[in-house]
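Chemist: Structure supplied as data04.cif; contents: mmCIF, C-alpha atoms.
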```cif
data_run
#
loop_
_atom_site.group_PDB
_atom_site.id
_atom_site.type_symbol
_atom_site.label_atom_id
_atom_site.label_comp_id
_atom_site.auth_asym_id
_atom_site.auth_seq_id
_atom_site.Cartn_x
_atom_site.Cartn_y
_atom_site.Cartn_z
ATOM 1 C CA MET A 1 161.488 326.943 41.242
ATOM 2 C CA ARG A 2 164.290 324.418 41.691
ATOM 3 C CA LYS A 3 167.883 325.577 41.490
ATOM 4 C CA LEU A 4 171.132 323.684 41.176
ATOM 5 C CA ALA A 5 173.197 323.318 44.322
ATOM 6 C CA GLU A 6 176.710 324.754 44.264
ATOM 7 C CA TYR A 7 178.313 321.303 43.862
ATOM 8 C CA GLN A 8 176.044 320.687 40.854
ATOM 9 C CA LYS A 9 177.085 323.973 39.269
ATOM 10 C CA GLU A 10 180.713 323.012 39.779
ATOM 11 C CA ALA A 11 180.117 319.600 38.187
ATOM 12 C CA ALA A 12 178.246 321.205 35.271
ATOM 13 C CA ARG A 13 181.077 323.664 34.634
ATOM 14 C CA PHE A 14 183.545 320.769 34.654
ATOM 15 C CA MET A 15 181.449 318.804 32.161
ATOM 16 C CA ILE A 16 181.168 321.805 29.833
ATOM 17 C CA LYS A 17 184.930 322.404 29.927
ATOM 18 C CA HIS A 18 185.703 318.679 29.528
ATOM 19 C CA PRO A 19 183.305 317.253 26.908
ATOM 20 C CA PHE A 20 184.472 313.656 27.428
ATOM 21 C CA SER A 21 183.714 313.570 31.128
ATOM 22 C CA GLY A 22 181.189 311.776 33.267
ATOM 23 C CA LEU A 23 179.558 311.974 36.668
ATOM 24 C CA PHE A 24 180.500 309.092 38.899
ATOM 25 C CA ALA A 25 178.616 309.758 42.108
ATOM 26 C CA ASP A 26 176.381 307.998 44.574
ATOM 27 C CA PRO A 27 172.646 307.537 43.967
ATOM 28 C CA GLY A 28 170.635 310.579 44.955
ATOM 29 C CA THR A 29 173.370 313.113 44.252
ATOM 30 C CA ARG A 30 171.362 314.774 41.459
ATOM 31 C CA LYS A 31 173.399 313.518 38.517
ATOM 32 C CA THR A 32 170.362 313.648 36.230
ATOM 33 C CA SER A 33 169.523 317.301 36.898
ATOM 34 C CA THR A 34 173.193 318.261 36.612
ATOM 35 C CA THR A 35 173.385 316.540 33.231
ATOM 36 C CA LEU A 36 170.142 318.218 32.159
ATOM 37 C CA ALA A 37 171.635 321.600 33.062
ATOM 38 C CA VAL A 38 174.668 320.905 30.882
ATOM 39 C CA PHE A 39 172.477 319.744 28.003
ATOM 40 C CA HIS A 40 170.216 322.801 28.361
ATOM 41 C CA PHE A 41 173.262 325.109 28.297
ATOM 42 C CA LEU A 42 174.728 323.465 25.189
ATOM 43 C CA LYS A 43 171.369 323.223 23.388
ATOM 44 C CA LYS A 44 170.445 326.867 23.972
ATOM 45 C CA ARG A 45 173.777 327.913 22.477
ATOM 46 C CA GLY A 46 173.331 325.670 19.434
ATOM 47 C CA TYR A 47 176.182 323.274 20.226
ATOM 48 C CA VAL A 48 173.949 320.198 20.395
ATOM 49 C CA LYS A 49 170.506 319.179 19.177
ATOM 50 C CA ARG A 50 169.933 315.871 20.908
ATOM 51 C CA MET A 51 171.269 313.826 23.804
ATOM 52 C CA TRP A 52 171.589 310.076 24.247
ATOM 53 C CA VAL A 53 171.218 308.502 27.671
ATOM 54 C CA ILE A 54 172.155 304.864 28.191
ATOM 55 C CA ALA A 55 170.890 303.530 31.501
ATOM 56 C CA PRO A 56 169.003 300.675 33.161
ATOM 57 C CA LYS A 57 165.384 300.198 32.064
ATOM 58 C CA LYS A 58 163.823 301.597 35.248
ATOM 59 C CA VAL A 59 165.969 304.717 34.997
ATOM 60 C CA ILE A 60 165.040 305.441 31.381
ATOM 61 C CA GLN A 61 161.364 304.830 32.026
ATOM 62 C CA ASN A 62 161.047 306.667 35.340
ATOM 63 C CA VAL A 63 163.930 308.931 36.278
ATOM 64 C CA TRP A 64 164.603 310.922 33.114
ATOM 65 C CA PRO A 65 160.984 311.714 32.125
ATOM 66 C CA GLN A 66 160.095 312.670 35.718
ATOM 67 C CA GLU A 67 163.182 314.806 36.287
ATOM 68 C CA VAL A 68 162.448 316.912 33.201
ATOM 69 C CA LYS A 69 158.952 317.653 34.534
ATOM 70 C CA LEU A 70 160.246 318.712 37.973
ATOM 71 C CA TRP A 71 162.308 321.635 36.692
ATOM 72 C CA ASP A 72 160.786 324.689 35.012
ATOM 73 C CA THR A 73 164.060 325.157 33.148
ATOM 74 C CA PHE A 74 163.844 321.725 31.507
ATOM 75 C CA LYS A 75 160.079 321.335 30.913
ATOM 76 C CA TYR A 76 160.486 322.166 27.223
ATOM 77 C CA LEU A 77 162.633 319.055 26.685
ATOM 78 C CA LYS A 78 160.984 315.974 25.237
ATOM 79 C CA VAL A 79 162.272 312.595 26.432
ATOM 80 C CA GLU A 80 161.702 309.420 24.411
ATOM 81 C CA ALA A 81 162.561 305.895 25.567
ATOM 82 C CA LEU A 82 163.871 303.763 22.715
ATOM 83 C CA HIS A 83 162.881 300.361 23.921
ATOM 84 C CA GLY A 84 161.306 297.329 22.382
ATOM 85 C CA PRO A 85 160.681 296.233 18.806
ATOM 86 C CA LYS A 86 159.723 299.707 17.561
ATOM 87 C CA LYS A 87 162.878 301.451 18.782
ATOM 88 C CA ASP A 88 164.523 301.565 15.330
ATOM 89 C CA LYS A 89 161.477 303.241 13.783
ATOM 90 C CA LEU A 90 161.222 305.683 16.695
ATOM 91 C CA LEU A 91 164.832 306.659 16.155
ATOM 92 C CA THR A 92 164.051 308.005 12.703
ATOM 93 C CA THR A 93 160.646 309.541 13.465
ATOM 94 C CA THR A 94 160.908 311.115 16.909
ATOM 95 C CA ASP A 95 161.536 314.783 17.523
ATOM 96 C CA ALA A 96 162.655 314.139 21.099
ATOM 97 C CA ASP A 97 165.509 316.136 22.558
ATOM 98 C CA ILE A 98 166.645 313.284 24.798
ATOM 99 C CA LEU A 99 166.725 309.676 23.651
ATOM 100 C CA THR A 100 167.033 307.059 26.357
ATOM 101 C CA LEU A 101 168.164 303.524 25.710
ATOM 102 C CA THR A 102 168.985 300.502 27.825
ATOM 103 C CA CYS A 103 172.434 298.915 27.725
ATOM 104 C CA ASP A 104 170.859 295.843 26.090
ATOM 105 C CA GLY A 105 169.235 298.079 23.477
ATOM 106 C CA VAL A 106 172.561 299.385 22.279
#
```
Could you render the structure as structure tokens?
Modeler:
Amino acid sequence: MRKLAEYQKEAARFMIKHPFSGLFADPGTRKTSTTLAVFHFLKKRGYVKRMWVIAPKKVIQNVWPQEVKLWDTFKYLKVEALHGPKKDKLLTTTDADILTLTCDGV
């Protein structure tokens, strides 16, 4: 089972204490799994129901869905990419926990 590294735990604690924060780190520094840990924490405690992720197309189509599957802790989360002509309909019909959207889609 995968576990967060100490620097990820520290980042997650910071994000929980500072709700208007962000992770500005190099590629490959596990920003996605850190953010998933924060979302999982907040969701399990009833503070949030859904999360929006705005990212480049390749990231929303590949990174987020794959990262959820890699962690036993996050496998229960459903990720939905809101992309293309049907995105508005998906927004009102999906039961996904995480909605991903490209910058152009905003």
Chemist: For Thr73 of chain A, which residue out of A:Lys57, A:Pro19, A:Trp52, A:Met1 is the nearest one, using all atoms listed in the file?
Modeler: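 Of A:Lys57, A:Pro19, A:Trp52, A:Met1, the one nearest Thr73 of chain A, counting all atoms listed in the file, is A:Met1.
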Chemist: When you look at Thr35 of chain A with a cut-off of 12 Å (counting only C-alpha atoms), what residues show up, excluding the ones that are within fewer than 6 positions of it in the same chain? I need them as a PyMOL selection string.
Modeler: chain A and resi 4+8-16+19+21-24+29+41-42+51-53+64+67-68+74+98
Chemist: Of the candidates A:Thr32, A:Lys49, A:Leu99, A:Leu70, which one gets nearest to Arg2 of chain A if we count all atoms listed in the file?
Modeler: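 Smallest distance to Arg2 of chain A is found for A:Leu70.
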Chemist: What lies within 8 Å of His83 of chain A using only C-alpha atoms, ignoring chain neighbours under 2 positions off, as a list in words?
Modeler: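 Near neighbours after the sequence-gap exclusion: Ala81, Pro85, Lys86, Lys87, Leu101, Thr102 and Gly105 of chain A.
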Chemist: I need the residue nearest Arg50 of chain A from this list: A:Gly84, A:Lys78, A:His18, A:Asp104. Use all atoms listed in the file for the distance.
Modeler: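 Answer, going by the shortest atom-to-atom distance: A:Lys78.
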Chemist: Return the single residue from A:Ile54, A:Leu77, A:Leu82, A:Leu36 that is closest to Cys103 of chain A, with distances computed using all atoms listed in the file.
Modeler: A:Ile54
Chemist: Some atoms are missing, so please complete segment 87-98 of chain A with N, CA and C atoms and return it as a PDB file, keeping the file's coordinate frame.
Modeler:
```
ATOM      1  N   LYS A  87     161.865 300.442  18.477  1.00  0.00           N
ATOM      2  CA  LYS A  87     162.878 301.451  18.782  1.00  0.00           C
ATOM      3  C   LYS A  87     163.581 301.976  17.527  1.00  0.00           C
ATOM      4  N   ASP A  88     163.836 301.111  16.541  1.00  0.00           N
ATOM      5  CA  ASP A  88     164.523 301.565  15.330  1.00  0.00           C
ATOM      6  C   ASP A  88     163.670 302.570  14.555  1.00  0.00           C
ATOM      7  N   LYS A  89     162.378 302.312  14.476  1.00  0.00           N
ATOM      8  CA  LYS A  89     161.477 303.241  13.783  1.00  0.00           C
ATOM      9  C   LYS A  89     161.385 304.563  14.558  1.00  0.00           C
ATOM     10  N   LEU A  90     161.283 304.475  15.876  1.00  0.00           N
ATOM     11  CA  LEU A  90     161.222 305.683  16.695  1.00  0.00           C
ATOM     12  C   LEU A  90     162.453 306.559  16.484  1.00  0.00           C
ATOM     13  N   LEU A  91     163.581 305.934  16.332  1.00  0.00           N
ATOM     14  CA  LEU A  91     164.832 306.659  16.155  1.00  0.00           C
ATOM     15  C   LEU A  91     164.778 307.603  14.959  1.00  0.00           C
ATOM     16  N   THR A  92     164.108 307.180  13.913  1.00  0.00           N
ATOM     17  CA  THR A  92     164.051 308.005  12.703  1.00  0.00           C
ATOM     18  C   THR A  92     162.831 308.928  12.648  1.00  0.00           C
ATOM     19  N   THR A  93     161.865 308.733  13.535  1.00  0.00           N
ATOM     20  CA  THR A  93     160.646 309.541  13.465  1.00  0.00           C
ATOM     21  C   THR A  93     160.455 310.493  14.638  1.00  0.00           C
ATOM     22  N   THR A  94     161.141 310.296  15.720  1.00  0.00           N
ATOM     23  CA  THR A  94     160.908 311.115  16.909  1.00  0.00           C
ATOM     24  C   THR A  94     161.565 312.488  16.786  1.00  0.00           C
ATOM     25  N   ASP A  95     160.947 313.454  17.439  1.00  0.00           N
ATOM     26  CA  ASP A  95     161.536 314.783  17.523  1.00  0.00           C
ATOM     27  C   ASP A  95     162.033 315.062  18.945  1.00  0.00           C
ATOM     28  N   ALA A  96     162.227 314.003  19.705  1.00  0.00           N
ATOM     29  CA  ALA A  96     162.655 314.139  21.099  1.00  0.00           C
ATOM     30  C   ALA A  96     164.036 314.770  21.207  1.00  0.00           C
ATOM     31  N   ASP A  97     164.220 315.521  22.271  1.00  0.00           N
ATOM     32  CA  ASP A  97     165.509 316.136  22.558  1.00  0.00           C
ATOM     33  C   ASP A  97     166.456 315.139  23.231  1.00  0.00           C
ATOM     34  N   ILE A  98     165.864 314.258  24.041  1.00  0.00           N
ATOM     35  CA  ILE A  98     166.645 313.284  24.798  1.00  0.00           C
ATOM     36  C   ILE A  98     166.153 311.892  24.459  1.00  0.00           C
TER      37      ILE A  98
END
```
